[in-house]
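Source file: data24.tsv; contents: TSV, C-alpha atoms.
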chain	number	residue	atom	x	y	z
T	1	MET	CA	-0.39	15.26	20.07
T	2	ALA	CA	-1.85	18.46	18.66
T	3	ASP	CA	0.02	18.39	15.37
T	4	PRO	CA	-1.29	16.20	12.61
T	5	VAL	CA	0.96	13.28	11.78
T	6	PHE	CA	1.96	13.63	8.16
T	7	ALA	CA	3.70	10.33	7.57
T	8	LEU	CA	4.69	10.20	3.92
T	9	HIS	CA	1.18	11.34	3.20
T	10	ILE	CA	0.60	14.84	1.85
T	11	PRO	CA	-1.72	16.78	4.19
T	12	ASP	CA	-4.13	19.39	2.92
T	13	GLY	CA	-2.46	22.77	2.50
T	14	PHE	CA	0.73	21.58	0.80
T	15	LEU	CA	-0.75	21.40	-2.71
T	16	SER	CA	-2.61	24.05	-4.69
T	17	GLY	CA	-6.14	23.23	-5.80
T	18	ALA	CA	-5.07	22.94	-9.42
T	19	VAL	CA	-2.23	20.52	-8.65
T	20	ALA	CA	-4.42	18.43	-6.32
T	21	ALA	CA	-7.07	18.19	-9.05
T	22	ALA	CA	-4.52	17.38	-11.74
T	23	ALA	CA	-3.16	14.54	-9.59
T	24	ALA	CA	-6.62	13.26	-8.73
T	25	VAL	CA	-7.62	12.73	-12.38
T	26	PRO	CA	-5.16	9.92	-13.20
T	27	ALA	CA	-5.70	8.42	-9.73
T	28	VAL	CA	-9.46	8.25	-10.31
T	29	PHE	CA	-8.97	6.77	-13.78
T	30	ALA	CA	-6.61	4.08	-12.47
T	31	VAL	CA	-8.94	3.12	-9.61
T	32	ALA	CA	-11.95	3.13	-11.94
T	33	TYR	CA	-10.12	0.87	-14.35
T	34	GLY	CA	-9.15	-1.38	-11.44
T	35	LEU	CA	-12.81	-1.64	-10.45
T	36	ARG	CA	-13.74	-2.43	-14.03
T	37	VAL	CA	-11.29	-5.28	-14.52
T	38	ALA	CA	-11.52	-6.59	-10.94
T	39	ASP	CA	-14.02	-9.30	-11.80
T	40	ARG	CA	-11.70	-10.70	-14.45
T	41	GLU	CA	-8.65	-10.48	-12.20
T	42	LEU	CA	-10.17	-11.94	-9.04
T	43	ASP	CA	-10.29	-15.69	-8.73
T	44	ASP	CA	-11.59	-17.46	-5.63
T	45	ASP	CA	-8.23	-17.33	-3.86
T	46	ARG	CA	-7.65	-13.66	-4.55
T	47	VAL	CA	-10.96	-12.43	-3.10
T	48	PRO	CA	-9.77	-12.83	0.51
T	49	LEU	CA	-6.23	-11.89	-0.54
T	50	LEU	CA	-7.34	-8.37	-1.45
T	51	GLY	CA	-8.51	-7.81	2.11
T	52	VAL	CA	-5.53	-9.56	3.67
T	53	LEU	CA	-3.08	-7.48	1.67
T	54	ALA	CA	-4.88	-4.23	2.49
T	55	ALA	CA	-4.66	-5.12	6.20
T	56	PHE	CA	-0.99	-6.04	5.90
T	57	ILE	CA	-0.07	-2.82	4.10
T	58	PHE	CA	-2.08	-0.76	6.60
T	59	ALA	CA	-0.26	-2.51	9.46
T	60	VAL	CA	3.22	-2.13	8.03
T	61	GLN	CA	2.59	1.52	7.14
T	62	MET	CA	2.21	2.07	10.90
T	63	LEU	CA	5.70	0.69	11.51
T	64	ASN	CA	7.98	3.66	11.00
T	65	PHE	CA	11.60	2.58	10.99
T	66	PRO	CA	14.37	5.03	11.86
T	67	ILE	CA	16.69	6.19	9.10
T	68	ALA	CA	19.58	8.67	9.18
T	69	GLY	CA	19.30	12.15	10.64
T	70	GLY	CA	16.38	11.78	13.06
T	71	THR	CA	14.02	10.82	10.26
T	72	SER	CA	11.84	7.76	9.86
T	73	GLY	CA	10.13	6.02	7.00
T	74	HIS	CA	7.62	3.28	6.41
T	75	LEU	CA	6.64	0.84	3.73
T	76	LEU	CA	4.39	2.14	0.96
T	77	GLY	CA	3.50	-1.31	-0.32
T	78	ALA	CA	2.51	-0.62	-3.92
T	79	THR	CA	5.15	-2.95	-5.34
T	80	LEU	CA	4.20	-5.71	-2.90
T	81	ALA	CA	0.55	-5.37	-3.88
T	82	ALA	CA	1.35	-5.32	-7.60
T	83	VAL	CA	3.59	-8.41	-7.43
T	84	LEU	CA	0.95	-10.38	-5.50
T	85	LEU	CA	-2.24	-9.17	-7.17
T	86	GLY	CA	-1.23	-7.51	-10.44
T	87	PRO	CA	-1.08	-3.75	-10.96
T	88	TRP	CA	-4.80	-2.96	-11.27
T	89	LEU	CA	-5.98	-4.77	-8.16
T	90	ALA	CA	-2.98	-3.20	-6.42
T	91	CYS	CA	-4.37	0.24	-7.25
T	92	LEU	CA	-7.62	-0.77	-5.49
T	93	VAL	CA	-5.79	-2.08	-2.41
T	94	MET	CA	-3.73	1.11	-2.10
T	95	ALA	CA	-6.82	3.31	-2.56
T	96	VAL	CA	-8.63	1.41	0.22
T	97	VAL	CA	-5.68	1.78	2.60
T	98	ILE	CA	-4.98	5.45	1.84
T	99	GLY	CA	-8.70	6.32	1.91
T	100	VAL	CA	-9.19	4.75	5.36
T	101	GLN	CA	-6.05	6.50	6.62
T	102	ALA	CA	-7.39	9.87	5.48
T	103	PHE	CA	-10.99	9.55	6.68
T	104	VAL	CA	-10.59	7.45	9.83
T	105	PHE	CA	-7.08	8.31	11.03
T	106	ALA	CA	-6.74	11.90	9.68
T	107	ASP	CA	-3.50	10.81	8.00
T	108	GLY	CA	-3.07	12.47	4.61
T	109	GLY	CA	-5.33	15.21	3.26
T	110	ILE	CA	-8.79	14.97	1.75
T	111	THR	CA	-8.17	17.29	-1.20
T	112	ALA	CA	-4.71	15.68	-1.42
T	113	LEU	CA	-6.25	12.19	-1.43
T	114	GLY	CA	-5.93	11.83	-5.20
T	115	ALA	CA	-2.28	12.90	-5.09
T	116	ASN	CA	-1.54	10.46	-2.28
T	117	VAL	CA	-3.25	7.58	-4.08
T	118	LEU	CA	-1.33	8.50	-7.24
T	119	ASN	CA	2.09	8.98	-5.60
T	120	MET	CA	2.07	6.12	-3.11
T	121	GLY	CA	-0.23	3.71	-4.91
T	122	VAL	CA	-0.99	4.00	-8.60
T	123	LEU	CA	2.43	5.07	-9.90
T	124	GLY	CA	4.29	2.43	-7.92
T	125	ALA	CA	1.79	-0.30	-8.76
T	126	LEU	CA	1.82	0.39	-12.49
T	127	LEU	CA	5.59	0.86	-12.61
T	128	ALA	CA	6.16	-2.34	-10.67
T	129	GLY	CA	3.62	-4.24	-12.75
T	130	PHE	CA	5.30	-3.09	-15.94
T	131	LEU	CA	8.94	-3.56	-14.91
T	132	VAL	CA	8.55	-6.86	-13.05
T	133	GLY	CA	6.31	-8.21	-15.80
T	134	ALA	CA	8.79	-7.15	-18.49
T	135	GLY	CA	11.73	-8.61	-16.56
T	136	VAL	CA	10.01	-11.95	-16.08
T	137	ARG	CA	9.14	-12.13	-19.78
T	138	ALA	CA	12.63	-11.07	-20.93
T	139	VAL	CA	14.83	-13.31	-18.79
T	140	PRO	CA	14.31	-16.81	-17.36
T	141	LEU	CA	14.82	-15.61	-13.80
T	142	SER	CA	15.82	-17.83	-10.92
T	143	ARG	CA	13.97	-17.42	-7.64
T	144	THR	CA	16.80	-15.22	-6.35
T	145	GLY	CA	16.84	-13.24	-9.58
T	146	PHE	CA	13.10	-12.65	-9.33
T	147	LEU	CA	13.36	-11.48	-5.72
T	148	GLY	CA	16.29	-9.22	-6.68
T	149	LEU	CA	14.22	-7.66	-9.44
T	150	VAL	CA	11.33	-7.13	-7.01
T	151	GLY	CA	13.71	-5.43	-4.57
T	152	VAL	CA	15.18	-3.05	-7.14
T	153	VAL	CA	11.76	-2.18	-8.55
T	154	SER	CA	10.29	-1.51	-5.09
T	155	TRP	CA	13.15	0.93	-4.37
T	156	LEU	CA	12.54	2.60	-7.73
T	157	ALA	CA	8.79	2.87	-7.09
T	158	VAL	CA	9.46	4.77	-3.85
T	159	MET	CA	11.87	7.12	-5.64
T	160	VAL	CA	9.36	7.83	-8.41
T	161	GLY	CA	6.66	8.58	-5.83
T	162	ALA	CA	9.04	10.90	-3.97
T	163	ALA	CA	10.06	12.69	-7.18
T	164	ILE	CA	6.46	13.23	-8.27
T	165	THR	CA	5.60	14.54	-4.79
T	166	ALA	CA	8.46	17.04	-5.10
T	167	VAL	CA	7.19	18.13	-8.52
T	168	GLN	CA	3.67	18.60	-7.12
T	169	LEU	CA	4.97	20.64	-4.18
T	170	ALA	CA	6.99	22.82	-6.56
T	171	ALA	CA	4.10	23.24	-9.01
T	172	SER	CA	1.96	24.35	-6.06
T	173	GLY	CA	4.50	27.06	-5.21
T	174	THR	CA	5.08	25.50	-1.79
T	175	VAL	CA	8.82	24.92	-2.19
T	176	PRO	CA	11.20	25.33	-5.17
T	177	LEU	CA	11.86	22.16	-7.17
T	178	GLY	CA	15.61	22.61	-6.74
T	179	THR	CA	15.09	22.30	-2.99
T	180	ALA	CA	12.29	19.73	-2.87
T	181	LEU	CA	13.63	17.21	-5.38
T	182	PRO	CA	17.05	16.52	-3.84
T	183	ALA	CA	15.58	16.59	-0.33
T	184	MET	CA	12.77	14.14	-1.14
T	185	LEU	CA	15.02	11.84	-3.20
T	186	GLY	CA	17.74	11.91	-0.55
T	187	VAL	CA	15.42	10.81	2.26
T	188	HIS	CA	13.54	8.31	0.14
T	189	ALA	CA	16.68	6.66	-1.24
T	190	LEU	CA	17.04	5.33	2.33
T	191	ILE	CA	13.33	4.68	2.90
T	192	GLY	CA	13.35	2.77	-0.40
T	193	ILE	CA	15.92	0.36	1.00
T	194	GLY	CA	13.52	-0.45	3.84
T	195	GLU	CA	10.76	-0.83	1.25
T	196	ALA	CA	12.90	-3.26	-0.74
T	197	VAL	CA	13.83	-5.36	2.31
T	198	ILE	CA	10.23	-5.68	3.53
T	199	THR	CA	8.82	-6.28	0.05
T	200	VAL	CA	11.36	-9.00	-0.75
T	201	ALA	CA	10.79	-10.67	2.64
T	202	ALA	CA	7.01	-10.67	2.18
T	203	VAL	CA	7.11	-11.91	-1.43
T	204	SER	CA	9.64	-14.56	-0.44
T	205	ALA	CA	7.33	-15.78	2.34
T	206	VAL	CA	4.33	-16.02	0.01
T	207	LEU	CA	6.47	-17.77	-2.64
T	208	ALA	CA	7.42	-20.37	-0.05
T	209	ALA	CA	3.86	-20.91	1.22
T	210	ARG	CA	1.72	-20.42	-1.88
T	211	PRO	CA	3.70	-19.60	-5.04
T	212	ASP	CA	0.46	-19.60	-7.04
T	213	LEU	CA	-0.65	-16.47	-5.16
T	214	VAL	CA	2.30	-14.44	-6.47
T	215	ARG	CA	0.64	-13.09	-9.57
T	216	LEU	CA	3.75	-11.74	-11.31
T	217	ALA	CA	6.01	-14.70	-10.52
T	218	PRO	CA	7.17	-16.82	-13.47
T	219	GLY	CA	4.70	-19.63	-14.10
T	220	ARG	CA	7.31	-22.33	-13.54
T	221	PHE	CA	7.67	-21.25	-9.89
T	222	VAL	CA	4.40	-23.07	-9.28
T	223	PRO	CA	5.02	-26.82	-9.23
T	224	ALA	CA	2.57	-28.76	-11.37
T	225	PRO	CA	1.34	-31.06	-8.55
T	226	ALA	CA	0.59	-28.01	-6.43
T	227	ARG	CA	-1.49	-26.55	-9.23
T	228	GLN	CA	-3.49	-29.73	-9.52
T	229	ALA	CA	-3.92	-29.90	-5.76
T	230	GLU	CA	-5.30	-26.37	-5.79
T	231	VAL	CA	-7.74	-27.23	-8.53
T	232	ALA	CA	-8.86	-30.33	-6.65
T	233	GLN	CA	-9.24	-28.29	-3.49
T	234	ALA	CA	-11.30	-25.56	-5.13
A	1	MET	CA	-0.96	-24.77	2.50
A	2	SER	CA	-4.68	-24.27	2.07
A	3	THR	CA	-6.01	-20.86	1.17
A	4	ARG	CA	-7.90	-20.74	4.45
A	5	LEU	CA	-4.78	-21.40	6.53
A	6	PHE	CA	-2.78	-18.90	4.46
A	7	VAL	CA	-5.41	-16.21	4.97
A	8	VAL	CA	-5.66	-16.87	8.71
A	9	LEU	CA	-1.87	-16.73	9.13
A	10	ALA	CA	-1.52	-13.58	7.02
A	11	VAL	CA	-4.31	-11.79	8.90
A	12	ALA	CA	-2.72	-12.84	12.19
A	13	VAL	CA	0.61	-11.36	11.08
A	14	ALA	CA	-1.02	-8.12	9.91
A	15	VAL	CA	-3.18	-7.65	13.01
A	16	GLY	CA	-0.28	-8.68	15.25
A	17	LEU	CA	2.06	-6.11	13.70
A	18	ALA	CA	-0.56	-3.36	13.84
A	19	THR	CA	-1.44	-4.14	17.46
A	20	ALA	CA	1.77	-5.23	19.16
A	21	VAL	CA	4.60	-3.73	17.12
A	22	SER	CA	3.21	-0.35	16.01
A	23	PRO	CA	3.38	1.12	19.56
A	24	TYR	CA	7.15	0.70	19.35
A	25	ALA	CA	7.61	2.20	15.87
A	26	SER	CA	9.89	5.21	15.43
A	27	ALA	CA	8.24	8.48	16.41
A	28	SER	CA	10.70	10.58	14.41
A	29	PRO	CA	9.23	12.76	11.67
A	30	ASP	CA	9.28	10.83	8.43
A	31	GLY	CA	10.34	11.57	4.87
A	32	LEU	CA	7.96	14.30	3.71
A	33	GLU	CA	7.41	15.77	7.18
A	34	ASN	CA	11.15	16.10	7.64
A	35	VAL	CA	11.59	17.83	4.29
A	36	ALA	CA	8.65	20.12	5.11
A	37	THR	CA	10.18	21.04	8.47
A	38	ASP	CA	13.63	21.69	7.00
A	39	ASN	CA	12.17	23.91	4.29
A	40	GLY	CA	9.71	25.83	6.41
A	41	PHE	CA	6.40	24.73	4.93
A	42	VAL	CA	5.37	22.20	7.57
A	43	GLU	CA	3.05	24.82	9.13
A	44	GLU	CA	1.01	24.98	5.93
A	45	GLY	CA	-0.28	21.47	6.55
A	46	ARG	CA	-3.74	21.35	8.08
A	47	LEU	CA	-6.61	18.98	8.66
A	48	ALA	CA	-9.61	19.15	6.39
A	49	ALA	CA	-12.88	20.06	8.13
A	50	ILE	CA	-14.13	16.48	7.88
A	51	GLN	CA	-10.93	15.24	9.56
A	52	GLN	CA	-11.51	17.33	12.69
A	53	ASP	CA	-13.97	14.63	13.69
A	54	ALA	CA	-11.93	11.66	12.45
A	55	PRO	CA	-12.79	8.64	14.65
A	56	ILE	CA	-9.17	7.71	15.45
A	57	PRO	CA	-7.03	10.81	14.83
A	58	ASP	CA	-3.26	10.28	14.72
A	59	TYR	CA	-3.58	6.53	15.22
A	60	ALA	CA	-4.46	7.04	18.89
A	61	PHE	CA	-7.66	5.31	19.97
A	62	PRO	CA	-9.72	7.94	21.82
A	63	GLY	CA	-10.23	7.62	25.58
A	64	ILE	CA	-7.09	5.60	26.26
A	65	GLU	CA	-4.55	7.42	28.40
A	66	ASN	CA	-1.53	5.24	27.70
A	67	GLU	CA	-0.11	6.26	24.31
A	68	ARG	CA	1.28	2.85	23.42
A	69	VAL	CA	-1.98	1.09	24.26
A	70	ALA	CA	-3.96	3.72	22.33
A	71	THR	CA	-1.79	3.13	19.26
A	72	GLY	CA	-2.04	-0.64	19.56
A	73	VAL	CA	-5.83	-0.59	19.88
A	74	ALA	CA	-6.04	1.80	16.91
A	75	GLY	CA	-3.86	-0.59	14.90
A	76	PHE	CA	-5.98	-3.59	15.88
A	77	PHE	CA	-9.25	-2.04	14.74
A	78	GLY	CA	-7.64	-0.35	11.75
A	79	ALA	CA	-6.15	-3.55	10.37
A	80	LEU	CA	-9.39	-5.51	10.88
A	81	GLY	CA	-11.46	-2.68	9.38
A	82	VAL	CA	-9.23	-2.37	6.32
A	83	MET	CA	-9.32	-6.15	5.91
A	84	ALA	CA	-13.12	-6.19	6.04
A	85	LEU	CA	-13.36	-3.30	3.59
A	86	GLY	CA	-10.95	-4.88	1.10
A	87	TYR	CA	-12.62	-8.29	1.36
A	88	GLY	CA	-16.08	-6.77	1.06
A	89	LEU	CA	-15.05	-4.76	-1.97
A	90	ALA	CA	-13.62	-7.87	-3.64
A	91	LEU	CA	-16.81	-9.83	-2.90
A	92	VAL	CA	-19.02	-7.12	-4.37
A	93	LEU	CA	-16.84	-6.72	-7.45
A	94	ARG	CA	-16.86	-10.44	-8.08
A	95	ARG	CA	-20.54	-10.90	-7.54
A	96	ARG	CA	-21.47	-8.03	-9.81
A	97	SER	CA	-21.05	-9.70	-13.17
A	98	ARG	CA	-21.22	-13.34	-12.15
A	99	GLU	CA	-24.34	-15.41	-12.06
A	100	GLY	CA	-23.53	-17.68	-9.16
A	101	PRO	CA	-22.28	-16.73	-5.72
A	102	PRO	CA	-18.52	-16.28	-5.30
A	103	GLY	CA	-16.83	-19.59	-4.70
A	104	GLY	CA	-19.61	-21.35	-6.55
A	105	ALA	CA	-19.36	-23.40	-9.72
A	106	ARG	CA	-17.21	-21.94	-12.45
A	107	ALA	CA	-15.29	-23.18	-15.45
A	108	PRO	CA	-12.07	-24.93	-14.36
A	109	GLY	CA	-8.95	-23.04	-15.33
A	110	ALA	CA	-10.87	-19.83	-15.88
A	111	ALA	CA	-8.37	-17.95	-13.78
A	112	ALA	CA	-5.29	-19.15	-15.65
Produce structure tokens that represent the structure in this file.
Amino acid sequence: MADPVFALHIPDGFLSGAVAAAAAVPAVFAVAYGLRVADRELDDDRVPLLGVLAAFIFAVQMLNFPIAGGTSGHLLGATLAAVLLGPWLACLVMAVVIGVQAFVFADGGITALGANVLNMGVLGALLAGFLVGAGVRAVPLSRTGFLGLVGVVSWLAVMVGAAITAVQLAASGTVPLGTALPAMLGVHALIGIGEAVITVAAVSAVLAARPDLVRLAPGRFVPAPARQAEVAQA
Amino acid sequence: MSTRLFVVLAVAVAVGLATAVSPYASASPDGLENVATDNGFVEEGRLAAIQQDAPIPDYAFPGIENERVATGVAGFFGALGVMALGYGLALVLRRRSREGPPGGARAPGAAA
């Protein structure tokens, strides 16, 4: 395979220097803030979880599933990370995964690293953190309602990432926005469905095994005896 | 389920997917690559200088002839490496502003 594999990751050469830099600034700020609040956000159980989730997202990002028209897609994972760990730790997880992919696997550019962390990680994580958090506070959701909300938000997070990528490509003069935006949104509307299915399945599995590890789940999803058992175990 | 069992199971799932399932993933061009091909800018993509020497380029472990095996081995080491990096980062971040070692004595309910 002589050609670089692009995945959903932007390789170097697609973005102008100015656009890559402009995208890197908010990405760096989000990751820096994540590092800053990590100590407050990490309890004993979530220390290993950060590594586990990074490994899981790395693994599932390798699993391209076929969608229409000879195209494939894979999970991004920002919503999953945000629902399990909260938005700021999710930014760290996504930065670890995307950084390793760029430096070890030559997947995604180096100058485009900030844009990739922003588009596939930070934007989705913050959007998901905000929307799922707001939904849980606004409505007394059932378990099914919560999973439905997670599914819709994970689809939306993929669409936002795709739209921003199109805007960055257009601002770089690579392809006109009128071409890039519908093309990116069209493909990612389908990829987002895969994202929603995998995210809901994973969150559902963790809710069944350890509801206390789903950071954004309503507090009443965690049965009181289980909470006490965890405290006793710690 | 104890945290230890949960972590072991979750790591097993992640490493299992990366090792045994990834070789059978779709090889079709994905979202952005497809759009780039359709709109004639796919050729503008290139590897950065530092990526010319990437240890495991294109998710194919070097020196393994069989493509599926090369992908599976790359996935195995990739998933474990990312796990170690994430866990290590979390340990460092937690230790930084805490007096005791992680997992040591701390106020009950501090995480609530």
Item to complete: Write out as a list in words which residues come within 10 Å of Ala54 of chain T when counting only C-alpha atoms, dropping same-chain ones fewer than 5 positions away.
Response: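 Surrounding residues, per the criterion: Leu49, Ala59, Gly77, Ala81, Ala90, Leu92, Val93, Met94, Ala95, Val96, Val97 and Ile98 of chain T; Val11, Ala14, Ala79, Leu80, Gly81, Val82, Met83, Ala84, Leu85, Gly86 and Tyr87 of chain A.
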Worksheet item: Using all atoms listed in the file, which residues sit within 7 Å of segment 131-139 of chain T once same-chain residues fewer than 3 positions away are excluded, as a list in words?
Response: Leu127, Ala128, Leu149, Val150, Leu216 and Pro218 of chain T
Chain T near chain A within 6 Å: what's each residue's closest atom pair and its distance in Å to one decimal, counting all atoms listed in the file, ordered by chain then ascending residue number, as a tab-separated table?
residue	atom	partner	partner_atom	distance
T:Val5	CA	A:Asp58	CA	6.0
T:Phe6	CA	A:Glu33	CA	5.9
T:Ala7	CA	A:Asp30	CA	5.7
T:Leu8	CA	A:Leu32	CA	5.2
T:Pro11	CA	A:Gly45	CA	5.4
T:Asp12	CA	A:Arg46	CA	5.5
T:Gly13	CA	A:Gly45	CA	4.8
T:Phe14	CA	A:Gly45	CA	5.8
T:Asp39	CA	A:Arg94	CA	4.8
T:Asp43	CA	A:Ala111	CA	5.9
T:Asp44	CA	A:Gly103	CA	5.7
T:Val47	CA	A:Ala90	CA	5.3
T:Pro48	CA	A:Tyr87	CA	5.4
T:Leu50	CA	A:Gly86	CA	5.6
T:Gly51	CA	A:Gly86	CA	3.9
T:Val52	CA	A:Met83	CA	5.6
T:Ala54	CA	A:Met83	CA	5.9
T:Ala55	CA	A:Ala79	CA	4.7
T:Phe56	CA	A:Ala14	CA	4.5
T:Ala59	CA	A:Ala18	CA	4.5
T:Met62	CA	A:Ser22	CA	5.7
T:Leu63	CA	A:Ala25	CA	5.0
T:Asn64	CA	A:Ser26	CA	5.1
T:Phe65	CA	A:Ser26	CA	5.4
T:Pro66	CA	A:Ser26	CA	5.7
T:Gly70	CA	A:Ser28	CA	6.0
T:Thr71	CA	A:Asp30	CA	5.1
T:Ser72	CA	A:Asp30	CA	4.2
T:Gly73	CA	A:Asp30	CA	5.1
T:Val104	CA	A:Ala54	CA	5.1
T:Phe105	CA	A:Pro57	CA	4.5
T:Ala106	CA	A:Pro57	CA	5.3
T:Val187	CA	A:Gly31	CA	5.8
Discussion item. I'd like the interatomic distance between atom CA of Gln101 of chain T and atom CA of Phe58 of chain T, to a tenth of an Å.
Written reply: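 If I compute the distance from atom CA of Gln101 of chain T to atom CA of Phe58 of chain T, I get 8.3 Å.
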Taking all atoms of segment 92-111 of chain T that the file lists, what box with edges along x, y and z, padded by 3 Å per side, do you get, with centre and edge lengths in Å to one decimal, as JSON?
{"center_x": -7.0, "center_y": 7.6, "center_z": 2.8, "size_x": 13.9, "size_y": 25.4, "size_z": 22.5}
Discussion item. For a test of reading the model, state the distance in Å between atom CA of Leu181 of chain T and atom CA of Phe29 of chain T, rounded to one decimal.
Written reply: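 Atom CA of Phe29 of chain T lies 26.3 Å from atom CA of Leu181 of chain T.
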Practice prompt. Would you please work out which residue, of T:Ser16, T:Thr165, T:Ala32, T:Leu75, is nearest to Pro182 of chain T when using all atoms listed in the file?
Written response: T:Thr165
Discussion item. If we count all atoms listed in the file and set the cut-off at 9 Å, which residues sit around Glu41 of chain T, ignoring sequence neighbours fewer than 4 positions away in its own chain? Please answer as a ChimeraX atom specification.
Written reply: /T:37,46,85-86,88-89 /A:111
